[in-house]
file protein.cif (mmCIF, C-alpha atoms and all ligand atoms)
data_run
#
loop_
_atom_site.label_atom_id
_atom_site.label_comp_id
_atom_site.auth_asym_id
_atom_site.auth_seq_id
_atom_site.Cartn_x
_atom_site.Cartn_y
_atom_site.Cartn_z
CA MET J 439 -19.14 37.47 -28.09
CA SER J 440 -16.59 39.90 -26.72
CA PHE J 441 -13.39 39.04 -24.87
CA LEU J 442 -13.29 41.73 -22.20
CA GLY J 443 -10.56 40.10 -20.13
CA ALA J 444 -8.26 37.08 -19.77
CA ALA J 445 -7.34 37.52 -23.45
CA GLY J 446 -3.55 37.19 -23.75
CA THR J 447 -3.31 37.25 -19.96
CA VAL J 448 -4.49 35.14 -17.00
CA THR J 449 -6.58 37.59 -15.02
CA GLY J 450 -9.72 39.67 -15.49
CA SER J 451 -11.91 36.88 -16.93
CA ARG J 452 -14.96 38.55 -18.54
CA PHE J 453 -16.76 37.25 -21.61
CA LEU J 454 -19.80 39.07 -22.93
CA ALA J 455 -22.24 36.98 -24.96
CA GLN J 456 -25.02 38.75 -26.82
CA ALA J 457 -27.89 37.54 -29.01
CA GLY J 458 -31.43 38.67 -29.82
CA GLY J 459 -31.23 41.77 -27.65
CA ARG J 460 -30.09 39.81 -24.58
CA SER J 461 -26.66 39.89 -23.03
CA VAL J 462 -24.91 37.90 -20.32
CA LEU J 463 -21.47 38.13 -18.84
CA VAL J 464 -19.61 34.90 -18.11
CA ASP J 465 -17.27 35.69 -15.20
CA CYS J 466 -16.66 39.16 -13.89
CA GLY J 467 -13.06 39.09 -12.75
CA LEU J 468 -10.53 41.56 -11.50
CA PHE J 469 -7.32 42.22 -13.44
CA GLN J 470 -4.26 41.47 -11.30
CA GLY J 471 -0.48 41.59 -11.75
CA TYR J 472 1.25 44.25 -13.88
CA LYS J 473 0.30 47.87 -13.26
CA GLN J 474 -0.99 48.34 -16.81
CA LEU J 475 -3.27 45.33 -16.33
CA ARG J 476 -4.56 46.55 -12.99
CA ALA J 477 -5.26 49.90 -14.66
CA ARG J 478 -7.93 48.12 -16.73
CA ASN J 479 -9.99 47.75 -13.55
CA ARG J 480 -10.44 51.53 -13.63
CA GLN J 481 -11.45 51.72 -17.29
CA PRO J 482 -15.15 51.95 -18.14
CA LEU J 483 -16.83 48.82 -19.48
CA PRO J 484 -17.81 48.82 -23.16
CA PHE J 485 -21.45 48.28 -22.14
CA THR J 486 -23.90 49.78 -19.68
CA PRO J 487 -24.12 47.55 -16.57
CA ALA J 488 -27.86 48.25 -16.23
CA ASP J 489 -28.43 46.77 -19.72
CA LEU J 490 -26.86 43.43 -18.82
CA ASP J 491 -29.38 40.62 -18.19
CA ALA J 492 -27.33 38.22 -16.05
CA VAL J 493 -23.88 37.16 -14.90
CA LEU J 494 -22.74 33.54 -14.75
CA LEU J 495 -19.71 32.72 -12.60
CA THR J 496 -17.49 29.71 -13.20
CA HIS J 497 -15.87 29.90 -9.75
CA ALA J 498 -15.09 32.11 -6.80
CA HIS J 499 -11.48 33.17 -7.43
CA ILE J 500 -11.16 36.96 -7.53
CA ASP J 501 -9.81 37.01 -11.10
CA HIS J 502 -13.21 35.54 -12.05
CA SER J 503 -15.55 37.23 -9.55
CA GLY J 504 -13.76 40.27 -8.13
CA TYR J 505 -15.23 42.93 -10.43
CA LEU J 506 -18.87 42.14 -9.51
CA PRO J 507 -19.06 44.83 -6.80
CA VAL J 508 -18.20 47.49 -9.42
CA LEU J 509 -20.77 46.10 -11.85
CA VAL J 510 -23.53 46.17 -9.22
CA ARG J 511 -22.51 49.58 -7.87
CA ASP J 512 -22.62 50.96 -11.42
CA GLY J 513 -26.17 49.80 -12.07
CA PHE J 514 -26.35 46.07 -12.77
CA ASP J 515 -29.41 44.69 -10.98
CA GLY J 516 -29.88 41.27 -12.59
CA PRO J 517 -29.09 37.83 -11.18
CA VAL J 518 -25.58 36.41 -10.65
CA PHE J 519 -25.67 32.64 -11.11
CA ALA J 520 -23.11 30.51 -9.29
CA THR J 521 -22.95 27.08 -7.65
CA ALA J 522 -23.81 26.94 -3.94
CA ALA J 523 -20.15 26.50 -2.93
CA THR J 524 -19.03 29.37 -5.20
CA ARG J 525 -21.68 31.58 -3.67
CA ALA J 526 -20.56 30.65 -0.14
CA LEU J 527 -16.91 31.35 -1.02
CA CYS J 528 -17.78 34.67 -2.69
CA SER J 529 -19.62 35.76 0.45
CA HIS J 530 -16.16 35.86 2.10
CA LEU J 531 -13.91 36.67 -0.88
CA LEU J 532 -15.71 39.73 -2.21
CA PRO J 533 -16.06 41.65 1.09
CA ASP J 534 -12.42 40.79 1.83
CA SER J 535 -11.42 42.18 -1.57
CA GLY J 536 -13.38 45.40 -0.86
CA PHE J 537 -11.67 45.68 2.52
CA ILE J 538 -8.23 45.27 0.88
CA GLN J 539 -9.07 47.96 -1.71
CA GLU J 540 -10.05 50.34 1.11
CA LYS J 541 -6.90 49.56 3.14
CA ASP J 542 -4.62 49.97 0.10
CA ALA J 543 -6.14 53.36 -0.71
CA GLU J 544 -5.86 54.44 2.93
CA PHE J 545 -2.24 53.28 3.11
CA ALA J 546 -1.32 55.07 -0.12
CA ASN J 547 -2.90 58.27 1.16
CA ARG J 548 -1.25 58.05 4.58
CA HIS J 549 2.21 57.44 3.15
CA GLY J 550 1.82 59.89 0.31
CA PHE J 551 2.68 57.55 -2.57
CA ALA J 552 -0.73 57.71 -4.20
CA ARG J 553 -0.53 58.72 -7.83
CA HIS J 554 -4.05 60.10 -7.72
CA ARG J 555 -4.73 62.19 -4.65
CA PRO J 556 -6.60 61.19 -2.74
CA ALA J 557 -6.40 57.52 -3.80
CA LYS J 558 -9.88 56.03 -3.95
CA PRO J 559 -10.64 52.34 -3.49
CA LEU J 560 -11.87 50.56 -6.63
CA TYR J 561 -14.78 49.46 -4.45
CA THR J 562 -15.56 49.15 -0.78
CA ARG J 563 -16.54 46.34 1.51
CA ALA J 564 -20.09 47.75 1.51
CA ASP J 565 -20.18 47.66 -2.32
CA ALA J 566 -19.10 44.01 -2.17
CA GLU J 567 -21.75 43.14 0.40
CA ARG J 568 -24.44 44.72 -1.77
CA SER J 569 -23.33 42.64 -4.76
CA LEU J 570 -23.87 39.42 -2.78
CA LYS J 571 -27.62 40.05 -2.81
CA ARG J 572 -27.66 39.41 -6.58
CA PHE J 573 -26.50 35.77 -6.21
CA ARG J 574 -28.73 32.86 -7.25
CA ASP J 575 -27.82 29.16 -7.01
CA ALA J 576 -26.94 27.38 -10.24
CA PRO J 577 -27.31 23.58 -10.24
CA PHE J 578 -24.67 21.16 -11.47
CA MET J 579 -25.54 18.97 -14.50
CA ARG J 580 -28.99 20.39 -15.12
CA ASP J 581 -30.10 22.79 -17.86
CA PHE J 582 -31.62 26.04 -16.64
CA GLU J 583 -32.55 29.37 -18.20
CA PRO J 584 -30.50 32.21 -16.73
CA VAL J 585 -32.34 34.56 -19.10
CA ASP J 586 -35.40 33.84 -21.25
CA GLY J 587 -34.29 32.12 -24.44
CA MET J 588 -30.84 31.07 -23.17
CA THR J 589 -29.90 27.75 -21.63
CA ALA J 590 -26.98 27.14 -19.30
CA ARG J 591 -25.48 23.96 -17.91
CA TYR J 592 -22.80 23.76 -15.21
CA SER J 593 -20.43 20.78 -15.07
CA ARG J 594 -17.55 20.18 -12.65
CA ALA J 595 -14.23 21.77 -13.55
CA GLY J 596 -12.22 20.11 -10.76
CA HIS J 597 -10.32 23.32 -9.98
CA ILE J 598 -11.52 24.39 -6.52
CA LEU J 599 -14.60 23.80 -4.39
CA GLY J 600 -17.70 24.56 -6.51
CA ALA J 601 -15.76 25.33 -9.71
CA ALA J 602 -17.61 24.77 -12.97
CA SER J 603 -17.38 24.79 -16.72
CA ILE J 604 -20.44 26.46 -18.23
CA ARG J 605 -22.15 25.61 -21.49
CA LEU J 606 -24.32 28.43 -22.69
CA GLU J 607 -26.77 28.03 -25.53
CA ILE J 608 -27.33 31.44 -27.02
CA GLY J 609 -28.90 32.37 -30.36
CA GLY J 610 -28.71 28.73 -31.50
CA THR J 611 -24.99 28.38 -30.72
CA ARG J 612 -23.59 26.32 -27.88
CA VAL J 613 -20.57 27.95 -26.29
CA LEU J 614 -18.60 26.03 -23.68
CA PHE J 615 -16.51 28.04 -21.23
CA SER J 616 -14.01 25.69 -19.57
CA GLY J 617 -13.47 28.00 -16.60
CA ASP J 618 -10.28 27.10 -14.77
CA LEU J 619 -9.73 23.37 -15.13
CA GLY J 620 -8.26 21.19 -12.42
CA HIS J 621 -6.63 17.80 -12.73
CA HIS J 622 -7.19 14.24 -11.59
CA GLY J 623 -4.37 14.24 -9.06
CA ASN J 624 -6.00 16.70 -6.65
CA PRO J 625 -6.91 14.72 -3.49
CA THR J 626 -9.26 17.44 -2.20
CA VAL J 627 -11.66 18.19 -5.07
CA PRO J 628 -13.29 15.82 -7.58
CA PRO J 629 -11.81 15.75 -11.12
CA PRO J 630 -13.31 17.65 -14.07
CA ASP J 631 -16.37 16.15 -15.78
CA PRO J 632 -15.84 15.28 -19.45
CA PRO J 633 -16.83 18.28 -21.57
CA PRO J 634 -20.28 18.35 -23.16
CA ASP J 635 -20.67 18.92 -26.93
CA CYS J 636 -20.34 22.49 -28.13
CA ASP J 637 -19.98 24.60 -31.27
CA VAL J 638 -17.54 27.07 -29.79
CA LEU J 639 -15.05 26.31 -27.00
CA VAL J 640 -13.42 28.95 -24.83
CA VAL J 641 -10.60 27.17 -23.02
CA GLU J 642 -8.15 28.27 -20.36
CA SER J 643 -4.39 27.94 -20.93
CA THR J 644 -2.67 28.94 -17.66
CA TYR J 645 -0.30 25.97 -18.03
CA GLY J 646 -0.74 25.65 -21.80
CA ASN J 647 3.02 25.48 -22.33
CA ARG J 648 3.90 23.25 -19.39
CA THR J 649 3.66 19.66 -18.36
CA ARG J 650 3.29 19.05 -14.68
CA ASN J 651 6.41 18.25 -12.81
CA ASP J 652 5.90 14.59 -11.92
CA GLU J 653 7.61 14.98 -8.56
CA ASP J 654 5.41 13.91 -5.73
CA PRO J 655 4.25 17.03 -3.86
CA GLU J 656 4.55 15.07 -0.61
CA ASN J 657 8.28 14.39 -1.11
CA GLU J 658 8.93 18.01 -2.06
CA LEU J 659 7.05 19.26 0.95
CA VAL J 660 8.93 16.86 3.24
CA ASP J 661 12.26 18.19 1.87
CA VAL J 662 11.31 21.83 2.26
CA VAL J 663 9.91 21.48 5.78
CA ARG J 664 12.81 19.33 7.03
CA ASP J 665 15.48 21.58 5.49
CA THR J 666 13.94 24.73 6.88
CA VAL J 667 13.26 23.39 10.36
CA GLY J 668 16.74 21.80 10.36
CA ARG J 669 18.25 25.27 9.88
CA GLY J 670 16.12 26.56 12.74
CA GLY J 671 14.11 28.55 10.24
CA THR J 672 10.50 29.36 9.57
CA LEU J 673 8.56 28.41 6.48
CA VAL J 674 6.43 31.25 5.13
CA VAL J 675 3.84 30.07 2.64
CA PRO J 676 2.04 32.75 0.64
CA ALA J 677 -1.11 30.79 -0.17
CA PHE J 678 -4.27 31.37 -2.10
CA ALA J 679 -7.00 31.33 0.52
CA VAL J 680 -9.37 29.22 -1.50
CA GLY J 681 -8.27 25.85 -2.79
CA ARG J 682 -4.51 25.92 -2.32
CA THR J 683 -4.64 26.48 1.44
CA GLN J 684 -6.94 23.49 1.97
CA LEU J 685 -4.79 21.31 -0.31
CA LEU J 686 -1.66 22.33 1.57
CA LEU J 687 -3.32 21.62 4.93
CA TYR J 688 -4.35 18.21 3.60
CA TYR J 689 -0.71 17.33 2.81
CA LEU J 690 0.71 18.85 6.00
CA GLU J 691 -1.77 16.93 8.16
CA LYS J 692 -1.01 13.68 6.34
CA LEU J 693 2.78 14.15 6.59
CA THR J 694 2.60 15.13 10.26
CA ARG J 695 0.41 12.11 11.05
CA GLU J 696 2.83 9.83 9.18
CA GLN J 697 5.71 11.49 11.10
CA ARG J 698 7.46 12.38 7.85
CA ILE J 699 7.82 16.00 8.95
CA PRO J 700 8.65 17.31 12.42
CA PRO J 701 5.60 18.42 14.41
CA VAL J 702 6.21 22.17 14.22
CA PRO J 703 3.26 24.48 14.81
CA VAL J 704 1.26 25.45 11.72
CA PHE J 705 -0.47 28.83 11.73
CA LEU J 706 -3.22 29.72 9.31
CA ASP J 707 -2.84 33.46 9.44
CA SER J 708 -5.66 34.61 7.22
CA PRO J 709 -9.24 35.24 8.29
CA LEU J 710 -10.24 34.69 4.65
CA ALA J 711 -8.48 31.31 4.40
CA ILE J 712 -9.99 30.32 7.76
CA ASN J 713 -13.47 31.17 6.46
CA ALA J 714 -12.80 29.33 3.18
CA THR J 715 -11.65 26.29 5.16
CA GLU J 716 -14.92 26.38 7.08
CA VAL J 717 -16.90 26.61 3.80
CA PHE J 718 -15.01 23.47 2.77
CA LEU J 719 -16.35 21.67 5.85
CA ASP J 720 -19.88 22.89 5.04
CA HIS J 721 -19.92 21.43 1.49
CA PRO J 722 -19.08 17.72 1.85
CA ASN J 723 -20.60 16.89 -1.55
CA ASP J 724 -18.17 19.21 -3.34
CA HIS J 725 -14.93 17.71 -2.04
CA ARG J 726 -13.28 14.30 -1.87
CA LEU J 727 -12.55 13.99 1.85
CA THR J 728 -14.62 12.07 4.36
CA ILE J 729 -16.15 14.14 7.15
CA ALA J 730 -13.57 12.78 9.61
CA GLN J 731 -10.68 13.52 7.22
CA ALA J 732 -11.97 17.02 6.59
CA ARG J 733 -12.19 17.63 10.33
CA ASP J 734 -8.60 16.42 10.88
CA VAL J 735 -7.28 18.57 8.04
CA CYS J 736 -9.08 21.67 9.29
CA GLY J 737 -8.00 20.90 12.85
CA LEU J 738 -4.26 20.90 12.06
CA PRO J 739 -3.50 24.63 12.02
CA ARG J 740 -3.96 27.20 14.73
CA PHE J 741 -6.31 29.82 13.35
CA VAL J 742 -4.97 33.37 13.61
CA ARG J 743 -7.81 35.83 13.11
CA ASP J 744 -6.52 38.67 15.20
CA VAL J 745 -3.96 41.20 13.83
CA GLU J 746 -2.03 41.39 17.12
CA ALA J 747 -1.65 37.60 17.18
CA SER J 748 -0.44 37.77 13.58
CA LYS J 749 2.23 40.33 14.51
CA ALA J 750 3.27 38.17 17.48
CA LEU J 751 4.24 35.41 15.01
CA ASP J 752 7.05 37.66 13.75
CA ALA J 753 8.48 38.10 17.26
CA ASP J 754 8.61 34.33 17.92
CA PRO J 755 12.01 32.84 16.93
CA MET J 756 10.88 29.18 17.01
CA PRO J 757 10.63 27.19 13.76
CA LYS J 758 7.09 27.11 12.44
CA ILE J 759 4.97 27.15 9.32
CA ILE J 760 3.00 30.30 8.57
CA ILE J 761 0.37 30.11 5.85
CA ALA J 762 -0.88 33.57 4.93
CA GLY J 763 -2.42 35.37 1.99
CA SER J 764 -2.06 36.48 -0.65
CA GLY J 765 -0.84 33.66 -2.88
CA MET J 766 1.28 35.85 -5.15
CA ALA J 767 2.38 38.13 -2.27
CA THR J 768 0.53 41.05 -3.86
CA GLY J 769 -1.02 42.00 -0.53
CA GLY J 770 -2.34 40.59 2.73
CA ARG J 771 -0.67 39.61 5.98
CA VAL J 772 2.07 37.64 4.24
CA LEU J 773 3.75 40.97 3.40
CA HIS J 774 4.47 41.61 7.07
CA HIS J 775 5.92 38.13 7.46
CA LEU J 776 8.08 38.60 4.36
CA LYS J 777 9.58 41.74 5.90
CA THR J 778 10.57 39.69 8.95
CA TYR J 779 11.53 36.37 7.38
CA ALA J 780 12.77 37.07 3.82
CA PRO J 781 16.06 38.77 4.93
CA ASP J 782 17.22 35.71 6.96
CA ARG J 783 18.79 32.81 5.06
CA ARG J 784 17.57 30.19 7.53
CA ASN J 785 13.99 30.69 6.38
CA THR J 786 12.12 29.55 3.30
CA VAL J 787 9.44 31.33 1.32
CA LEU J 788 7.41 28.63 -0.36
CA PHE J 789 5.06 29.68 -3.15
CA THR J 790 2.34 27.21 -4.02
CA GLY J 791 1.47 27.66 -7.66
CA TYR J 792 1.20 29.95 -10.62
CA GLN J 793 2.74 33.41 -10.13
CA ALA J 794 1.45 35.99 -12.61
CA GLY J 795 4.05 38.24 -14.25
CA GLY J 796 4.65 41.48 -12.37
CA THR J 797 3.70 40.10 -8.95
CA ARG J 798 6.15 39.93 -6.02
CA GLY J 799 5.83 36.15 -6.27
CA SER J 800 7.12 36.03 -9.83
CA LYS J 801 9.94 38.47 -8.99
CA MET J 802 11.07 36.50 -5.96
CA LEU J 803 11.06 33.25 -7.93
CA ALA J 804 13.12 34.96 -10.62
CA GLY J 805 15.74 35.54 -7.92
CA VAL J 806 15.61 39.27 -7.14
CA GLU J 807 17.92 40.30 -4.29
CA SER J 808 15.42 42.64 -2.72
CA ILE J 809 11.72 43.19 -2.86
CA LYS J 810 9.66 46.34 -2.45
CA ILE J 811 6.99 46.18 0.23
CA HIS J 812 5.01 49.21 1.42
CA GLY J 813 7.32 51.60 -0.40
CA GLN J 814 10.56 50.17 1.04
CA TYR J 815 13.08 47.57 -0.18
CA TRP J 816 13.72 44.39 1.85
CA ASP J 817 16.56 41.93 1.23
CA VAL J 818 15.66 38.44 0.06
CA ARG J 819 18.16 35.99 1.58
CA ALA J 820 15.69 33.26 2.50
CA GLN J 821 15.36 30.31 0.14
CA VAL J 822 12.57 30.89 -2.34
CA ARG J 823 10.83 27.88 -3.82
CA ASN J 824 7.69 27.07 -5.71
CA LEU J 825 5.68 23.95 -5.08
CA ASP J 826 3.89 24.47 -8.37
CA MET J 827 2.71 20.88 -8.61
CA LEU J 828 0.16 22.01 -6.02
CA SER J 829 -1.32 24.17 -8.73
CA ALA J 830 -5.05 23.71 -9.20
CA HIS J 831 -4.65 23.99 -12.99
CA ALA J 832 -4.48 21.27 -15.61
CA ASP J 833 -1.26 21.21 -17.63
CA ARG J 834 -1.04 21.11 -21.43
CA ASP J 835 -1.56 17.35 -21.79
CA GLU J 836 -4.40 17.34 -19.29
CA LEU J 837 -6.10 20.20 -21.15
CA LEU J 838 -5.75 18.31 -24.44
CA ASP J 839 -7.05 15.10 -22.84
CA TRP J 840 -10.06 16.94 -21.48
CA MET J 841 -10.84 18.49 -24.87
CA SER J 842 -10.37 15.26 -26.78
CA ALA J 843 -13.08 13.63 -24.64
CA MET J 844 -15.61 15.79 -26.50
CA ALA J 845 -17.94 13.64 -28.62
CA ARG J 846 -17.65 15.97 -31.64
CA PRO J 847 -15.06 18.63 -32.40
CA PRO J 848 -16.13 22.23 -31.92
CA LYS J 849 -16.14 24.52 -34.96
CA GLN J 850 -13.90 27.04 -33.26
CA VAL J 851 -11.71 27.16 -30.18
CA TYR J 852 -10.67 30.39 -28.44
CA VAL J 853 -7.68 30.03 -26.13
CA VAL J 854 -7.86 32.38 -23.15
CA HIS J 855 -6.61 32.76 -19.57
CA GLY J 856 -2.92 32.32 -20.27
CA GLU J 857 0.10 34.57 -20.68
CA ALA J 858 0.86 35.09 -24.40
CA GLU J 859 3.37 32.22 -24.64
CA ALA J 860 1.23 29.67 -22.81
CA ALA J 861 -1.88 30.57 -24.81
CA ASP J 862 -0.03 30.35 -28.09
CA ALA J 863 1.55 27.01 -27.18
CA LEU J 864 -1.85 25.53 -26.38
CA ARG J 865 -3.34 26.99 -29.57
CA HIS J 866 -0.56 25.32 -31.53
CA ALA J 867 -1.03 21.98 -29.73
CA ILE J 868 -4.81 22.05 -30.37
CA GLN J 869 -4.23 22.60 -34.09
CA GLU J 870 -1.46 20.01 -34.34
CA ARG J 871 -2.81 17.25 -32.16
CA LEU J 872 -6.57 17.66 -32.47
CA GLY J 873 -6.76 19.37 -35.85
CA TRP J 874 -9.28 21.92 -34.55
CA PRO J 875 -9.27 25.59 -35.58
CA ALA J 876 -7.96 27.54 -32.60
CA ARG J 877 -7.16 31.19 -32.01
CA VAL J 878 -5.96 33.44 -29.19
CA PRO J 879 -8.34 36.41 -29.13
CA GLU J 880 -7.17 40.00 -28.60
CA HIS J 881 -8.22 41.95 -25.55
CA GLY J 882 -11.56 43.61 -26.35
CA GLU J 883 -12.04 41.62 -29.55
CA GLN J 884 -15.57 40.87 -30.67
CA VAL J 885 -16.34 37.71 -32.66
CA ALA J 886 -19.50 36.45 -34.34
CA LEU J 887 -20.78 33.20 -32.88
CA GLN J 888 -21.10 30.59 -35.59
CA ARG J 889 -24.52 29.00 -35.74
CA ARG J 890 -24.79 25.25 -35.71
ZN ZN J 901 -9.19 29.96 -10.48
#

call {"tool": "encode", "arguments": {"input": "protein.cif", "output": "structure tokens"}}
result
Amino acid sequence: MSFLGAAGTVTGSRFLAQAGGRSVLVDCGLFQGYKQLRARNRQPLPFTPADLDAVLLTHAHIDHSGYLPVLVRDGFDGPVFATAATRALCSHLLPDSGFIQEKDAEFANRHGFARHRPAKPLYTRADAERSLKRFRDAPFMRDFEPVDGMTARYSRAGHILGAASIRLEIGGTRVLFSGDLGHHGNPTVPPPDPPPDCDVLVVESTYGNRTRNDEDPENELVDVVRDTVGRGGTLVVPAFAVGRTQLLLYYLEKLTREQRIPPVPVFLDSPLAINATEVFLDHPNDHRLTIAQARDVCGLPRFVRDVEASKALDADPMPKIIIAGSGMATGGRVLHHLKTYAPDRRNTVLFTGYQAGGTRGSKMLAGVESIKIHGQYWDVRAQVRNLDMLSAHADRDELLDWMSAMARPPKQVYVVHGEAEAADALRHAIQERLGWPARVPEHGEQVALQRR
């Protein structure tokens, strides 16, 4: 097995498992965040895409799925297995990602700050659409053979709609990939299933060094909305289109209905988040809301699909809540709103979860006085807060609880999908509290899978 991404970092999840002349890739994610990480998206893979037999996706987030269009464009023509909800979400996320790559390249060329001239998109919307044809549905809680001689089983990971952990039986070894794990307190998606037995565990560690802030997200949200509206300001929420946006809408609808926050207009200014919200409505078996609840939640915001209507939001001085992508302010329409709203101290920029190092989100939370957007610096005088209890990730204790529900200890644990400190803290906790051998693999490292 080779760790081709998410080793010592949170993005670019890609794990290559090989046995008996067969090879599968578990997750095919994009690297995000620091420039040197993003540069890895341009480096050639250490295998020939055409030689790969299958891809298995844990969930739809771009850091787990966003490299598929490159893989398919460069010759991969096998199946991509994913749950029905993941497939539906990817049908919006991947073309959107291709579109963003095209726009970014175009923008860099137009404004002359491309390092490579002309800047070329990593992939296009058309590449992404072609990759969607490779998708096949993977069932939950039923063994199936993605490739002859290998068995896979998807269980719920409780992270976002359709998210799974995957147990792969390959060459006589059972490897369990946790995927991104959610937690029991998420009112919108069902909690993670207990983990099945395995020989080797590959576990995420995004919050491996943190315990969830026990503050009630509802109280925090009430404070932020009331404070901001009380100052006559606008609340700009850079939100992840899939998962976080629907969770946020759930809380905003509830708090508005209970009259705990003033009834200011809520705008969902992201065609991608609007589509993801509609996918949510289409998959009632994958979320926790009743059909009526789901309809109320999705009916709260005004949908802003059109670019002109999005720009008009910046000309309107009335207090309001704008939810726009991207969640770490690395791109998307939220950048335009930040230019308008970040320089004014009446406003609040409310992040809603993990901010990878190197992103605008992490810089703003660290308290920078200005932020670079589209080649220009903009003052940050607005309040900047993080409602990170909305995170869709389990914290250290929840990760340990999940692991300790395993009937028998695995022979080896690999801790992935965490910044160096978080991964190392979880590794340490696994060794101390569970007594299991655990290691943080190096980027690109290859390990032999122990046989049972
Ligand atoms: Zn995720």

call {"tool": "atom_distance", "arguments": {"input": "protein.cif", "atom1": "CA of Met766 (chain J)", "atom2": "CA of Gly795 (chain J)"}}
result
9.8 Å

call {"tool": "atom_distance", "arguments": {"input": "protein.cif", "atom1": "CA of Ser643 (chain J)", "atom2": "CA of Gly856 (chain J)"}}
result
4.7 Å

call {"tool": "closest_atom_pairs", "arguments": {"input": "protein.cif", "of": "chain J", "to": "ligand ZN 901 (chain J)", "cutoff": "8 Å", "atoms": "all atoms listed in the file", "output": "CSV"}}
result
residue,atom,partner,partner_atom,distance
J:His497,CA,J:ZN901,ZN,6.7
J:Ala498,CA,J:ZN901,ZN,7.3
J:His499,CA,J:ZN901,ZN,5.0
J:Ile500,CA,J:ZN901,ZN,7.8
J:Asp501,CA,J:ZN901,ZN,7.1
J:His502,CA,J:ZN901,ZN,7.1
J:His597,CA,J:ZN901,ZN,6.8
J:Ile598,CA,J:ZN901,ZN,7.2
J:Gly617,CA,J:ZN901,ZN,7.7
J:Asp618,CA,J:ZN901,ZN,5.3
J:Ala830,CA,J:ZN901,ZN,7.6
J:His831,CA,J:ZN901,ZN,7.9

call {"tool": "closest_residue", "arguments": {"input": "protein.cif", "among": "J:Val613, J:Leu619, J:Ala522, J:Ala762", "to": "Glu836 (chain J)", "atoms": "only C-alpha atoms"}}
result
J:Leu619

call {"tool": "residues_around", "arguments": {"input": "protein.cif", "residues": "Glu642 (chain J)", "least_positions_apart": "2", "cutoff": "9 Å", "atoms": "all atoms listed in the file", "output": "PyMOL selection string"}}
result
chain J and resi 444+448+615-619+640+644-646+837+852-856+861

call {"tool": "closest_residue", "arguments": {"input": "protein.cif", "among": "J:Arg480, J:Lys541, J:Lys571, J:Arg783", "to": "Val518 (chain J)", "atoms": "all atoms listed in the file"}}
result
J:Lys571

call {"tool": "closest_residue", "arguments": {"input": "protein.cif", "among": "J:Ser808, J:Gln481, J:Ser569, J:Asn657", "to": "Ile699 (chain J)", "atoms": "only C-alpha atoms"}}
result
J:Asn657

call {"tool": "residues_around", "arguments": {"input": "protein.cif", "residues": "region 469-476 of chain J", "least_positions_apart": "5", "cutoff": "7 Å", "atoms": "only C-alpha atoms", "output": "ChimeraX atom specification"}}
result
/J:449-450,501,794-797

call {"tool": "write_last_selection", "arguments": {"input": "protein.cif", "atoms": "C-alpha atoms", "output": "compact mmCIF listing (two decimals), in the coordinates of the input"}}
result
# COMPACT_ATOMS: atom_id res chain seq x y z
CA THR J 449 -6.58 37.59 -15.02
CA GLY J 450 -9.72 39.67 -15.49
CA ASP J 501 -9.81 37.01 -11.10
CA ALA J 794 1.45 35.99 -12.61
CA GLY J 795 4.05 38.24 -14.25
CA GLY J 796 4.65 41.48 -12.37
CA THR J 797 3.70 40.10 -8.95

call {"tool": "closest_residue", "arguments": {"input": "protein.cif", "among": "J:Val851, J:Val510, J:Leu872, J:Ala867", "to": "Arg834 (chain J)", "atoms": "all atoms listed in the file"}}
result
J:Ala867

call {"tool": "residues_around", "arguments": {"input": "protein.cif", "residues": "Gly681 (chain J)", "least_positions_apart": "3", "cutoff": "10 Å", "atoms": "all atoms listed in the file", "output": "PyMOL selection string"}}
result
chain J and resi 499+597-599+626-627+677-678+684-686+711+714-715+718+828-830

call {"tool": "atom_distance", "arguments": {"input": "protein.cif", "atom1": "CA of Ser503 (chain J)", "atom2": "CA of Lys810 (chain J)"}}
result
27.7 Å

call {"tool": "residues_around", "arguments": {"input": "protein.cif", "residues": "Leu687 (chain J)", "least_positions_apart": "6", "cutoff": "8 Å", "atoms": "only C-alpha atoms", "output": "PyMOL selection string"}}
result
chain J and resi 735-736+738-739

call {"tool": "closest_residue", "arguments": {"input": "protein.cif", "among": "J:Gln793, J:Thr562, J:Gln814, J:Gln456", "to": "Lys777 (chain J)", "atoms": "all atoms listed in the file"}}
result
J:Gln814

call {"tool": "residues_around", "arguments": {"input": "protein.cif", "residues": "Arg650 (chain J)", "least_positions_apart": "5", "cutoff": "9 Å", "atoms": "all atoms listed in the file", "output": "PyMOL selection string"}}
result
chain J and resi 645+826-827+832-835

call {"tool": "closest_residue", "arguments": {"input": "protein.cif", "among": "J:Gly813, J:Pro482, J:Gly610, J:Leu825", "to": "Glu653 (chain J)", "atoms": "only C-alpha atoms"}}
result
J:Leu825

call {"tool": "residues_near_point", "arguments": {"input": "protein.cif", "point": "(8.6, 20.2, 10.3)", "cutoff": "9 Å", "atoms": "all atoms listed in the file", "output": "compact mmCIF listing (two decimals) with C-alpha atoms, in the frame of the given file"}}
result
# COMPACT_ATOMS: atom_id res chain seq x y z
CA VAL J 660 8.93 16.86 3.24
CA VAL J 662 11.31 21.83 2.26
CA VAL J 663 9.91 21.48 5.78
CA ARG J 664 12.81 19.33 7.03
CA ASP J 665 15.48 21.58 5.49
CA THR J 666 13.94 24.73 6.88
CA VAL J 667 13.26 23.39 10.36
CA GLY J 668 16.74 21.80 10.36
CA THR J 694 2.60 15.13 10.26
CA ARG J 698 7.46 12.38 7.85
CA ILE J 699 7.82 16.00 8.95
CA PRO J 700 8.65 17.31 12.42
CA PRO J 701 5.60 18.42 14.41
CA VAL J 702 6.21 22.17 14.22
CA PRO J 703 3.26 24.48 14.81
CA PRO J 757 10.63 27.19 13.76
CA LYS J 758 7.09 27.11 12.44
CA ILE J 759 4.97 27.15 9.32
